[in-house]
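Structure data follow from query18.tsv (TSV, C-alpha atoms and all ligand atoms):
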chain	number	residue	atom	x	y	z
T	1	MET	CA	41.87	66.63	-38.50
T	2	ASP	CA	41.77	66.97	-34.68
T	3	LYS	CA	45.15	67.17	-32.91
T	4	ILE	CA	46.38	63.93	-31.33
T	5	LEU	CA	48.92	64.69	-28.59
T	6	LYS	CA	51.81	62.18	-28.60
T	7	ILE	CA	52.73	61.28	-25.03
T	8	GLY	CA	55.69	59.51	-23.45
T	9	ILE	CA	55.29	58.06	-19.94
T	10	VAL	CA	58.14	57.89	-17.42
T	11	GLY	CA	57.26	55.28	-14.82
T	12	CYS	CA	55.21	52.12	-15.41
T	13	GLY	CA	54.27	51.40	-11.83
T	14	ALA	CA	50.72	51.38	-10.46
T	15	ILE	CA	49.61	54.90	-11.41
T	16	GLY	CA	51.76	54.96	-14.57
T	17	LYS	CA	50.03	51.88	-15.96
T	18	ASP	CA	46.67	53.35	-14.91
T	19	HIS	CA	47.34	56.62	-16.72
T	20	CYS	CA	48.56	54.72	-19.80
T	21	ARG	CA	45.30	52.76	-19.85
T	22	ARG	CA	43.17	55.89	-19.43
T	23	ILE	CA	45.05	57.85	-22.13
T	24	MET	CA	44.75	54.93	-24.54
T	25	GLU	CA	41.12	54.09	-23.71
T	26	THR	CA	39.39	57.12	-22.19
T	27	VAL	CA	41.13	60.39	-23.01
T	28	PRO	CA	40.32	61.88	-26.43
T	29	GLY	CA	42.94	63.83	-28.39
T	30	ALA	CA	45.99	61.91	-27.15
T	31	THR	CA	47.89	58.65	-27.44
T	32	VAL	CA	50.89	57.12	-25.73
T	33	VAL	CA	53.74	56.52	-28.20
T	34	ALA	CA	56.48	55.42	-25.78
T	35	VAL	CA	57.05	54.32	-22.20
T	36	SER	CA	60.09	53.96	-19.93
T	37	ASP	CA	60.83	52.88	-16.39
T	38	TYR	CA	63.99	52.42	-14.31
T	39	VAL	CA	62.93	48.77	-14.28
T	40	ALA	CA	63.20	48.08	-18.01
T	41	ALA	CA	60.95	45.01	-17.82
T	42	ALA	CA	58.09	47.15	-16.48
T	43	ALA	CA	58.35	49.42	-19.51
T	44	ASP	CA	58.63	46.49	-21.90
T	45	GLU	CA	55.49	44.87	-20.41
T	46	THR	CA	53.41	48.04	-20.72
T	47	ALA	CA	54.72	48.73	-24.25
T	48	ALA	CA	53.87	45.19	-25.38
T	49	LYS	CA	50.33	45.52	-24.03
T	50	TYR	CA	49.64	48.50	-26.33
T	51	GLY	CA	52.04	47.80	-29.19
T	52	ILE	CA	54.02	50.97	-28.51
T	53	ARG	CA	57.74	51.67	-28.13
T	54	SER	CA	59.61	50.77	-24.96
T	55	TYR	CA	62.70	52.78	-24.08
T	56	GLY	CA	63.37	50.32	-21.26
T	57	SER	CA	65.20	52.15	-18.47
T	58	ASP	CA	66.37	54.96	-20.79
T	59	CYS	CA	63.86	57.50	-19.48
T	60	LYS	CA	65.87	60.52	-20.64
T	61	GLY	CA	66.21	59.00	-24.10
T	62	MET	CA	62.43	58.71	-24.30
T	63	ILE	CA	61.95	62.31	-23.15
T	64	ALA	CA	64.33	63.41	-25.94
T	65	ASP	CA	62.48	61.44	-28.64
T	66	PRO	CA	61.24	64.04	-31.18
T	67	GLU	CA	57.96	62.10	-31.56
T	68	VAL	CA	57.21	62.64	-27.85
T	69	GLU	CA	55.40	65.99	-27.54
T	70	ALA	CA	54.36	65.68	-23.90
T	71	VAL	CA	55.72	63.72	-20.95
T	72	VAL	CA	53.70	62.15	-18.13
T	73	ILE	CA	55.87	61.59	-15.06
T	74	THR	CA	54.68	58.77	-12.83
T	75	SER	CA	58.05	57.64	-11.51
T	76	ILE	CA	58.93	57.52	-7.80
T	77	ASP	CA	58.70	60.87	-6.00
T	78	PRO	CA	62.48	61.51	-5.56
T	79	THR	CA	62.90	61.48	-9.36
T	80	HIS	CA	60.15	63.95	-10.25
T	81	HIS	CA	62.31	67.09	-10.18
T	82	ASP	CA	64.97	65.65	-12.49
T	83	TYR	CA	62.51	64.31	-15.07
T	84	VAL	CA	60.54	67.58	-15.06
T	85	MET	CA	63.77	69.51	-15.65
T	86	GLU	CA	64.76	67.04	-18.43
T	87	THR	CA	61.37	67.58	-20.08
T	88	LEU	CA	61.71	71.37	-19.77
T	89	LYS	CA	65.15	71.13	-21.42
T	90	TYR	CA	63.23	70.36	-24.64
T	91	GLU	CA	60.43	72.80	-23.74
T	92	LYS	CA	57.89	69.97	-23.88
T	93	TRP	CA	54.55	69.78	-22.08
T	94	CYS	CA	54.77	67.98	-18.73
T	95	PHE	CA	52.17	66.32	-16.48
T	96	CYS	CA	53.92	65.46	-13.22
T	97	GLU	CA	52.15	63.29	-10.66
T	98	LYS	CA	52.19	64.80	-7.18
T	99	PRO	CA	54.40	65.85	-5.56
T	100	LEU	CA	56.17	68.17	-7.98
T	101	SER	CA	59.17	67.43	-5.81
T	102	GLN	CA	59.93	66.55	-2.19
T	103	ASN	CA	61.05	70.05	-1.18
T	104	ALA	CA	60.36	73.66	-2.12
T	105	LYS	CA	63.87	74.43	-3.39
T	106	ASP	CA	63.54	71.88	-6.19
T	107	CYS	CA	60.21	73.44	-7.15
T	108	GLU	CA	61.80	76.89	-7.33
T	109	GLU	CA	64.28	75.53	-9.87
T	110	ILE	CA	61.43	74.18	-11.99
T	111	MET	CA	59.61	77.52	-11.85
T	112	ALA	CA	62.81	79.37	-12.75
T	113	ARG	CA	63.11	77.21	-15.88
T	114	GLU	CA	59.49	77.89	-16.85
T	115	LEU	CA	60.09	81.63	-16.33
T	116	GLU	CA	63.15	81.36	-18.60
T	117	ILE	CA	60.99	79.68	-21.28
T	118	GLY	CA	58.22	82.20	-20.61
T	119	LYS	CA	55.41	79.64	-20.58
T	120	LYS	CA	53.64	77.35	-18.07
T	121	LEU	CA	54.41	73.86	-19.40
T	122	VAL	CA	54.07	71.89	-16.15
T	123	GLN	CA	50.81	70.65	-14.61
T	124	VAL	CA	50.88	68.84	-11.25
T	125	GLY	CA	48.63	65.82	-10.60
T	126	PHE	CA	46.46	67.24	-7.83
T	127	MET	CA	43.49	65.26	-9.14
T	128	ARG	CA	41.16	65.96	-6.19
T	129	ARG	CA	40.40	69.37	-7.76
T	130	TYR	CA	38.62	67.36	-10.49
T	131	ASP	CA	36.62	65.18	-8.08
T	132	ARG	CA	32.90	66.02	-8.26
T	133	GLY	CA	32.57	66.03	-4.48
T	134	TYR	CA	35.39	68.49	-3.88
T	135	ALA	CA	34.26	70.60	-6.86
T	136	GLU	CA	30.73	70.91	-5.45
T	137	MET	CA	32.12	71.77	-2.02
T	138	LYS	CA	34.13	74.58	-3.62
T	139	ARG	CA	31.12	75.82	-5.60
T	140	ILE	CA	29.04	76.13	-2.45
T	141	ILE	CA	31.84	77.83	-0.47
T	142	ASP	CA	32.53	80.29	-3.32
T	143	SER	CA	28.78	81.07	-3.62
T	144	GLY	CA	28.67	82.42	-0.06
T	145	GLU	CA	25.38	80.54	0.47
T	146	ILE	CA	26.50	79.32	3.92
T	147	GLY	CA	28.80	82.18	4.85
T	148	ALA	CA	32.57	82.41	5.14
T	149	PRO	CA	34.62	79.25	5.76
T	150	LEU	CA	36.09	78.94	9.27
T	151	LEU	CA	37.47	75.41	9.75
T	152	ILE	CA	38.44	72.33	7.78
T	153	LYS	CA	38.52	68.88	9.35
T	154	ALA	CA	40.17	66.28	7.12
T	155	CYS	CA	41.33	62.67	7.28
T	156	HIS	CA	43.64	60.98	4.85
T	157	ARG	CA	43.76	57.28	5.72
T	158	ASN	CA	45.73	54.67	3.75
T	159	VAL	CA	45.74	50.93	4.32
T	160	SER	CA	49.51	50.54	4.08
T	161	GLN	CA	52.69	51.86	2.45
T	162	GLY	CA	55.40	50.33	0.32
T	163	PRO	CA	59.00	49.58	1.37
T	164	GLY	CA	61.25	52.54	2.20
T	165	PHE	CA	58.40	54.76	3.36
T	166	LYS	CA	59.56	57.36	5.90
T	167	THR	CA	57.79	59.62	8.43
T	168	GLU	CA	58.34	62.73	6.27
T	169	ASN	CA	56.68	60.97	3.32
T	170	GLY	CA	53.47	61.10	5.33
T	171	ILE	CA	53.61	64.77	4.36
T	172	THR	CA	55.48	64.88	1.02
T	173	ASN	CA	53.60	61.95	-0.56
T	174	VAL	CA	50.35	61.59	1.37
T	175	ALA	CA	49.15	64.82	3.05
T	176	ILE	CA	50.42	66.83	0.04
T	177	HIS	CA	46.91	66.30	-1.35
T	178	GLU	CA	45.33	68.10	1.60
T	179	LEU	CA	48.00	70.81	1.47
T	180	ASP	CA	46.81	71.56	-2.06
T	181	ILE	CA	43.07	70.95	-1.81
T	182	CYS	CA	42.56	72.99	1.39
T	183	ARG	CA	44.02	76.22	-0.03
T	184	TRP	CA	42.05	75.56	-3.26
T	185	LEU	CA	38.76	75.02	-1.40
T	186	LEU	CA	39.26	78.16	0.72
T	187	GLY	CA	40.81	80.43	-1.89
T	188	ASP	CA	43.29	81.27	0.84
T	189	GLU	CA	47.00	80.87	1.63
T	190	TYR	CA	48.76	79.35	4.64
T	191	GLU	CA	50.20	81.44	7.47
T	192	ASP	CA	51.87	78.63	9.40
T	193	ALA	CA	51.83	74.89	10.00
T	194	GLN	CA	52.57	72.35	12.70
T	195	CYS	CA	52.90	68.58	12.56
T	196	VAL	CA	51.83	67.06	15.88
T	197	ARG	CA	52.93	63.64	17.08
T	198	VAL	CA	50.04	61.76	18.70
T	199	ARG	CA	49.59	58.34	20.25
T	200	GLN	CA	51.09	55.87	17.73
T	201	SER	CA	49.13	52.98	16.26
T	202	SER	CA	50.43	49.45	16.57
T	203	ASN	CA	50.22	49.49	12.76
T	204	SER	CA	53.16	51.90	12.71
T	205	ASN	CA	55.72	49.28	13.60
T	206	LYS	CA	57.63	49.83	10.37
T	207	GLY	CA	59.84	52.76	11.40
T	208	TYR	CA	57.57	55.69	10.56
T	209	ASP	CA	55.11	57.83	12.53
T	210	ASN	CA	51.48	56.80	12.20
T	211	PRO	CA	49.21	58.62	12.71
T	212	GLN	CA	50.38	62.22	12.36
T	213	VAL	CA	48.17	65.28	12.76
T	214	VAL	CA	48.83	68.37	10.64
T	215	LEU	CA	47.55	71.74	11.88
T	216	LEU	CA	47.41	74.70	9.49
T	217	ARG	CA	46.40	78.33	9.98
T	218	THR	CA	45.53	80.47	6.97
T	219	LYS	CA	46.01	84.17	6.25
T	220	LYS	CA	42.23	84.73	6.55
T	221	GLY	CA	42.28	83.04	9.97
T	222	CYS	CA	40.88	79.62	9.07
T	223	PHE	CA	42.06	76.60	11.07
T	224	ILE	CA	42.66	73.22	9.45
T	225	ASP	CA	43.40	69.88	11.01
T	226	VAL	CA	44.39	66.87	8.95
T	227	GLU	CA	44.62	63.36	10.38
T	228	VAL	CA	47.21	61.43	8.37
T	229	GLN	CA	47.09	57.66	8.75
T	230	VAL	CA	49.42	55.81	6.42
T	231	ALA	CA	48.60	52.36	7.82
T	232	ASP	CA	45.10	52.51	9.23
T	233	GLY	CA	44.50	48.79	9.28
T	234	TYR	CA	41.10	48.91	7.53
T	235	GLY	CA	40.75	50.82	4.27
T	236	TYR	CA	41.30	53.84	2.05
T	237	ASP	CA	39.22	56.52	3.74
T	238	ILE	CA	39.30	60.20	2.74
T	239	GLN	CA	37.18	62.64	4.74
T	240	CYS	CA	36.87	66.40	4.44
T	241	GLU	CA	34.40	68.79	6.06
T	242	VAL	CA	34.47	72.57	5.73
T	243	VAL	CA	32.68	74.41	8.53
T	244	CYS	CA	31.31	77.80	7.45
T	245	GLU	CA	29.47	80.56	9.35
T	246	ASN	CA	25.97	79.26	8.50
T	247	GLY	CA	26.49	75.63	7.61
T	248	THR	CA	28.93	72.97	6.48
T	249	VAL	CA	29.92	71.11	3.32
T	250	LYS	CA	31.26	67.57	3.54
T	251	LEU	CA	32.93	65.28	1.02
T	252	PRO	CA	30.57	62.39	0.18
T	253	ASP	CA	31.76	58.83	0.73
T	254	PRO	CA	32.23	56.94	-2.53
T	255	TYR	CA	29.19	55.12	-3.90
T	256	ALA	CA	28.81	51.80	-2.12
T	257	VAL	CA	25.91	49.41	-1.64
T	258	VAL	CA	24.68	49.09	1.97
T	259	ARG	CA	23.78	45.49	2.74
T	260	ARG	CA	21.13	44.75	5.38
T	261	SER	CA	20.21	41.31	6.60
T	262	ARG	CA	18.99	39.53	9.73
T	263	PRO	CA	21.49	40.39	12.47
T	264	ASP	CA	23.40	37.42	13.81
T	265	PRO	CA	25.46	38.30	16.90
T	266	ALA	CA	27.87	35.55	15.98
T	267	LYS	CA	28.74	36.75	12.50
T	268	ASP	CA	26.56	39.41	10.92
T	269	PRO	CA	25.81	42.90	12.39
T	270	GLY	CA	22.82	43.24	10.09
T	271	GLU	CA	24.15	46.16	8.03
T	272	THR	CA	27.47	46.40	6.17
T	273	MET	CA	28.99	48.75	3.60
T	274	PRO	CA	32.27	47.92	1.80
T	275	ILE	CA	35.22	50.28	2.34
T	276	MET	CA	37.61	50.81	-0.60
T	277	THR	CA	41.25	49.86	-0.14
T	278	ASP	CA	42.77	51.04	-3.45
T	279	TRP	CA	43.45	54.80	-3.72
T	280	LYS	CA	43.46	54.57	-7.53
T	281	GLU	CA	39.82	53.39	-7.42
T	282	ARG	CA	38.63	56.02	-4.93
T	283	PHE	CA	39.31	58.90	-7.34
T	284	ILE	CA	39.20	57.02	-10.64
T	285	GLU	CA	36.72	59.48	-12.18
T	286	ALA	CA	38.74	62.47	-10.97
T	287	TYR	CA	41.87	61.06	-12.67
T	288	ASP	CA	39.87	60.65	-15.91
T	289	ILE	CA	38.49	64.21	-15.80
T	290	GLU	CA	41.93	65.56	-14.85
T	291	LEU	CA	43.72	63.98	-17.83
T	292	ILE	CA	40.90	64.75	-20.26
T	293	ASN	CA	41.14	68.40	-19.21
T	294	TRP	CA	44.95	68.41	-19.29
T	295	VAL	CA	45.11	67.00	-22.87
T	296	ALA	CA	42.38	69.36	-24.08
T	297	SER	CA	44.18	72.36	-22.57
T	298	VAL	CA	47.56	71.32	-24.02
T	299	ASN	CA	45.99	70.81	-27.45
T	300	ALA	CA	44.51	74.29	-27.07
T	301	GLY	CA	47.99	75.66	-26.27
T	302	ALA	CA	47.80	76.57	-22.56
T	303	ILE	CA	47.44	74.47	-19.39
T	304	THR	CA	44.56	75.34	-17.04
T	305	GLY	CA	45.18	72.97	-14.15
T	306	PRO	CA	47.40	73.15	-11.03
T	307	SER	CA	50.72	74.67	-12.08
T	308	ALA	CA	54.30	74.43	-10.83
T	309	TRP	CA	53.38	77.31	-8.49
T	310	ASP	CA	50.70	75.13	-6.86
T	311	GLY	CA	53.19	72.27	-6.60
T	312	TYR	CA	55.67	74.71	-5.01
T	313	VAL	CA	53.23	76.13	-2.44
T	314	ALA	CA	52.23	72.62	-1.33
T	315	CYS	CA	55.92	71.79	-0.89
T	316	VAL	CA	56.61	74.98	1.11
T	317	ALA	CA	53.77	74.03	3.47
T	318	GLY	CA	55.08	70.46	3.55
T	319	ASP	CA	58.58	71.66	4.44
T	320	ALA	CA	57.09	73.67	7.33
T	321	CYS	CA	55.17	70.62	8.56
T	322	ASN	CA	58.27	68.43	8.49
T	323	ALA	CA	60.43	71.13	10.10
T	324	SER	CA	57.92	71.56	12.96
T	325	ARG	CA	57.77	67.87	13.91
T	326	GLY	CA	58.81	67.43	17.53
T	327	THR	CA	58.94	71.21	18.25
T	328	SER	CA	55.31	71.78	19.33
T	329	GLN	CA	55.66	75.04	17.40
T	330	PHE	CA	53.91	76.46	14.37
T	331	MET	CA	56.37	77.10	11.54
T	332	LYS	CA	55.79	79.96	9.10
T	333	VAL	CA	54.77	79.00	5.56
T	334	GLU	CA	56.73	81.60	3.57
T	335	THR	CA	56.76	81.54	-0.23
T	336	ILE	CA	58.66	83.69	-2.70
T	337	GLU	CA	56.78	86.49	-4.43
T	338	LYS	CA	54.31	84.90	-6.91
T	339	PRO	CA	55.71	85.45	-10.42
T	340	GLU	CA	53.43	87.14	-12.97
T	341	LEU	CA	53.48	83.96	-15.07
T	342	TYR	CA	51.44	82.16	-12.42
T	343	LYS	CA	48.94	84.90	-11.61
T	401	LIG	C1	49.45	58.02	-3.57
T	401	LIG	O1	50.59	58.37	-4.34
T	401	LIG	C2	48.35	58.97	-3.86
T	401	LIG	O2	48.49	59.97	-4.51
T	401	LIG	C3	47.11	58.71	-3.10
T	401	LIG	O3	46.12	59.68	-3.45
T	401	LIG	C4	47.44	58.82	-1.62
T	401	LIG	O4	46.29	58.56	-0.86
T	401	LIG	C5	48.52	57.81	-1.27
T	401	LIG	O5	48.83	57.95	0.08
T	401	LIG	C6	49.76	58.10	-2.10
T	401	LIG	O6	50.76	57.14	-1.79
Output the file's structure in the form of structure tokens.
Ligand code: ISE
Amino acid sequence: MDKILKIGIVGCGAIGKDHCRRIMETVPGATVVAVSDYVAAAADETAAKYGIRSYGSDCKGMIADPEVEAVVITSIDPTHHDYVMETLKYEKWCFCEKPLSQNAKDCEEIMARELEIGKKLVQVGFMRRYDRGYAEMKRIIDSGEIGAPLLIKACHRNVSQGPGFKTENGITNVAIHELDICRWLLGDEYEDAQCVRVRQSSNSNKGYDNPQVVLLRTKKGCFIDVEVQVADGYGYDIQCEVVCENGTVKLPDPYAVVRRSRPDPAKDPGETMPIMTDWKERFIEAYDIELINWVASVNAGAITGPSAWDGYVACVAGDACNASRGTSQFMKVETIEKPELYK
């Protein structure tokens, strides 16, 4: 009989509930047997929906449950490191939503534990690598059909952020996606990084910088600029264009119907296209492919997706971005020597 991976989920917020739904309804070879959340009622509600066990707010108790073979961590970012380390205490498989942690030091501790175990058990939720648009961009770049990559121009625009959001989270929570996907697209590593403060939007009246611009230079000489808007006032808009020697590749906008009608200066421009507002919808297929691949690889005995090393490198670059803010200087992106386990 085919293996059915028994999963416990820590965190029943927006993405945690979404992953629970997709594991129960879309992902073959796995099921969720237990959930937990620091708000016990959130866990109880999700458990009741699927008739599975709720550990309430006892997240560590759920991780320890012998029936739980793999842990999906979808709790708030500051808790990721601790729940990953708790999962690794039992040498269980771990899917941790990005970021792996909010700083590189925490990630080094996670890698040290994996090295002690001698196995990659942690996959980080950089789901854009599983998006068809990004995957096709990478295929074309890797083919050499349009020459070597030179520049990346990217935008990461959110409609709004939740309470407690801080300027540095624009990097650790938001731009962390670009910090991963750009090095993946280019097959390159970062030399240095700078976070530039630009004219602030009136939408950033909640105590954090908005927008921010991240500049990155790579070891092969590529230059990357990322516009980070965490409260753009209109929609969830992700743009990415890679400029190569003999052409460009650009991320397609999500499928949307263009409506045309008689223009009416008073109320109707004649052509409209809806803009998404929910980030979980924009990459819904990528999340499905990501978890399908993760479960299949775990059931086969070895993860194939972004590892703790990838989570670490993104955090090192993120630390450099946050350290550079206000200095007008590029900060070096310096990692430890890449352990054999991650090569
Ligand atoms: C969220 O956690 C995500 O991962 C989304 O992809 C990102 O756009 C959003 O800013 C994050 O808060």
For ligand LIG 401 (chain T), return the neighbouring residues as a PyMOL selection string (distance at most 10 Å; all atoms listed in the file).
chain T and resi 14-15+74+76-77+97-99+125-128+156-162+165+169-178+228-231+236-238+278-283
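Across the model, the gap from atom CA of T:Lys49 to atom CA of T:Cys12 is 11.9 Å.
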Gap from atom CA of T:Asp82 to atom CA of T:Ser54 - Å, one decimal:
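So the answer is 20.1 Å.
Distance check against T:Ile140 using only C-alpha atoms: of T:Thr272, T:Ala112, T:Pro252, T:Cys244, the minimum falls on T:Cys244.
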Point-to-point distance from atom CA of T:Val333 to atom CA of T:Ala193, Å rounded to tenths:
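Result for atom CA of T:Val333 versus atom CA of T:Ala193: 6.7 Å, one decimal.
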Which neighbours of T:Cys222 fall inside 6 Å, counting only C-alpha atoms, when residues of the same chain fewer than 5 positions from it are skipped, and could you give them as a list in words?
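Once the adjacent positions are removed, what remains is Leu150, Leu151 and Arg217 of chain T.
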For a cutoff of 10 Å around the file-coordinate point (23.6, 46.2, 2.9), which residues qualify once you count all atoms listed in the file? I'd like the result as a VMD selection string.
chain T and resid 256 to 261 270 to 274
Write a file of the just-selected residues containing C-alpha atoms, as a PDB file, keeping the file's coordinate frame.
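Heads up, here's the output in result15.pdb:
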ATOM      1  CA  ALA T 256      28.810  51.800  -2.120  1.00  0.00           C
ATOM      2  CA  VAL T 257      25.910  49.410  -1.640  1.00  0.00           C
ATOM      3  CA  VAL T 258      24.680  49.090   1.970  1.00  0.00           C
ATOM      4  CA  ARG T 259      23.780  45.490   2.740  1.00  0.00           C
ATOM      5  CA  ARG T 260      21.130  44.750   5.380  1.00  0.00           C
ATOM      6  CA  SER T 261      20.210  41.310   6.600  1.00  0.00           C
ATOM      7  CA  GLY T 270      22.820  43.240  10.090  1.00  0.00           C
ATOM      8  CA  GLU T 271      24.150  46.160   8.030  1.00  0.00           C
ATOM      9  CA  THR T 272      27.470  46.400   6.170  1.00  0.00           C
ATOM     10  CA  MET T 273      28.990  48.750   3.600  1.00  0.00           C
ATOM     11  CA  PRO T 274      32.270  47.920   1.800  1.00  0.00           C
TER      12      PRO T 274
END
Tell me which of T:Cys315, T:Val32, T:Ala323, T:Met331 sits closest to T:Ile9, counting all atoms listed in the file.
T:Val32
If we count all atoms listed in the file, what is near stretch 297-306 of chain T at a cut-off of 10 Å, once residues fewer than 4 positions away on the same chain are taken out, given as a PyMOL selection string?
chain T and resi 2-5+29-30+70+93-95+119-127+129-130+180+184+290-293+310-311+342
Given the choices T:Gly8, T:Gly221, T:Gly235, T:Gly118, which gets closest to T:Glu67 if the distance is worked out from all atoms listed in the file?
T:Gly8
Taking the point (32.8, 69.8, -1.6) as given in the file, collect each protein or nucleic acid residue that comes within 7 Å of it, counting all atoms listed in the file, and present the set as a list of chain:residue names.
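Residues lying no farther than 7 Å from the given point: T:Gly133, T:Tyr134, T:Ala135, T:Glu136, T:Met137, T:Lys138, T:Val249, T:Lys250, T:Leu251.
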Restricting the output to C-alpha atoms, write the selected residues as a short mmCIF file (atom, residue, chain, number, x, y, z; two decimals), in the coordinates of the input.
data_model
loop_
_atom_site.label_atom_id
_atom_site.label_comp_id
_atom_site.auth_asym_id
_atom_site.auth_seq_id
_atom_site.Cartn_x
_atom_site.Cartn_y
_atom_site.Cartn_z
CA GLY T 133 32.57 66.03 -4.48
CA TYR T 134 35.39 68.49 -3.88
CA ALA T 135 34.26 70.60 -6.86
CA GLU T 136 30.73 70.91 -5.45
CA MET T 137 32.12 71.77 -2.02
CA LYS T 138 34.13 74.58 -3.62
CA VAL T 249 29.92 71.11 3.32
CA LYS T 250 31.26 67.57 3.54
CA LEU T 251 32.93 65.28 1.02
#
So that I can check the surroundings of T:Pro163, please list as a ChimeraX atom specification every protein, DNA and RNA residue that reaches within 12 Å of it, counting all atoms listed in the file and ignoring chain neighbours fewer than 5 positions away.
/T:169,206-208
Surrounding residues of T:Ile63 excluding itself and chain neighbours under 6 positions, 9 Å, all atoms listed in the file, as a list in words:
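Listing them by chain and then by number gives Gly8, Ile9, Val10, Glu69, Ala70, Val71, Tyr83, Glu86, Thr87, Tyr90 and Lys92 of chain T.
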Using all atoms listed in the file, which protein or nucleic acid residues come within 9 Å of T:Glu108? Drop anything in the same chain fewer than 4 positions from it, and give the result as an MDAnalysis selection string.
chainID T and resid 104 112:113 308:309 312 336
Return stretch 217-229 of chain T, completed with N, CA, C and O atoms, as a PDB file, in the coordinates of the input.
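The resulting file, result_34.pdb, is shown below:
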ATOM      1  N   ARG T 217      47.161  77.086   9.800  1.00  0.00           N
ATOM      2  CA  ARG T 217      46.400  78.330   9.980  1.00  0.00           C
ATOM      3  C   ARG T 217      46.570  79.148   8.708  1.00  0.00           C
ATOM      4  O   ARG T 217      47.674  79.194   8.139  1.00  0.00           O
ATOM      5  N   THR T 218      45.464  79.763   8.252  1.00  0.00           N
ATOM      6  CA  THR T 218      45.530  80.470   6.970  1.00  0.00           C
ATOM      7  C   THR T 218      45.584  81.985   7.211  1.00  0.00           C
ATOM      8  O   THR T 218      45.291  82.483   8.300  1.00  0.00           O
ATOM      9  N   LYS T 219      45.886  82.707   6.143  1.00  0.00           N
ATOM     10  CA  LYS T 219      46.010  84.170   6.250  1.00  0.00           C
ATOM     11  C   LYS T 219      44.682  84.831   6.577  1.00  0.00           C
ATOM     12  O   LYS T 219      44.644  85.880   7.196  1.00  0.00           O
ATOM     13  N   LYS T 220      43.549  84.158   6.206  1.00  0.00           N
ATOM     14  CA  LYS T 220      42.230  84.730   6.550  1.00  0.00           C
ATOM     15  C   LYS T 220      41.771  84.254   7.922  1.00  0.00           C
ATOM     16  O   LYS T 220      40.649  84.531   8.332  1.00  0.00           O
ATOM     17  N   GLY T 221      42.616  83.442   8.619  1.00  0.00           N
ATOM     18  CA  GLY T 221      42.280  83.040   9.970  1.00  0.00           C
ATOM     19  C   GLY T 221      41.621  81.677  10.088  1.00  0.00           C
ATOM     20  O   GLY T 221      41.220  81.258  11.176  1.00  0.00           O
ATOM     21  N   CYS T 222      41.479  80.964   8.979  1.00  0.00           N
ATOM     22  CA  CYS T 222      40.880  79.620   9.070  1.00  0.00           C
ATOM     23  C   CYS T 222      41.844  78.655   9.756  1.00  0.00           C
ATOM     24  O   CYS T 222      43.055  78.842   9.719  1.00  0.00           O
ATOM     25  N   PHE T 223      41.262  77.617  10.392  1.00  0.00           N
ATOM     26  CA  PHE T 223      42.060  76.600  11.070  1.00  0.00           C
ATOM     27  C   PHE T 223      41.750  75.242  10.443  1.00  0.00           C
ATOM     28  O   PHE T 223      40.578  74.926  10.228  1.00  0.00           O
ATOM     29  N   ILE T 224      42.794  74.503  10.145  1.00  0.00           N
ATOM     30  CA  ILE T 224      42.660  73.220   9.450  1.00  0.00           C
ATOM     31  C   ILE T 224      43.348  72.143  10.255  1.00  0.00           C
ATOM     32  O   ILE T 224      44.467  72.354  10.733  1.00  0.00           O
ATOM     33  N   ASP T 225      42.672  71.017  10.441  1.00  0.00           N
ATOM     34  CA  ASP T 225      43.400  69.880  11.010  1.00  0.00           C
ATOM     35  C   ASP T 225      43.241  68.682  10.088  1.00  0.00           C
ATOM     36  O   ASP T 225      42.159  68.410   9.580  1.00  0.00           O
ATOM     37  N   VAL T 226      44.364  68.014   9.862  1.00  0.00           N
ATOM     38  CA  VAL T 226      44.390  66.870   8.950  1.00  0.00           C
ATOM     39  C   VAL T 226      44.969  65.665   9.694  1.00  0.00           C
ATOM     40  O   VAL T 226      46.118  65.686  10.115  1.00  0.00           O
ATOM     41  N   GLU T 227      44.122  64.634   9.841  1.00  0.00           N
ATOM     42  CA  GLU T 227      44.620  63.360  10.380  1.00  0.00           C
ATOM     43  C   GLU T 227      45.262  62.574   9.242  1.00  0.00           C
ATOM     44  O   GLU T 227      44.627  62.380   8.213  1.00  0.00           O
ATOM     45  N   VAL T 228      46.505  62.177   9.405  1.00  0.00           N
ATOM     46  CA  VAL T 228      47.210  61.430   8.370  1.00  0.00           C
ATOM     47  C   VAL T 228      47.538  60.041   8.901  1.00  0.00           C
ATOM     48  O   VAL T 228      48.368  59.881   9.787  1.00  0.00           O
ATOM     49  N   GLN T 229      46.822  59.049   8.373  1.00  0.00           N
ATOM     50  CA  GLN T 229      47.090  57.660   8.750  1.00  0.00           C
ATOM     51  C   GLN T 229      47.615  56.930   7.519  1.00  0.00           C
ATOM     52  O   GLN T 229      46.931  56.870   6.506  1.00  0.00           O
TER      53      GLN T 229
END
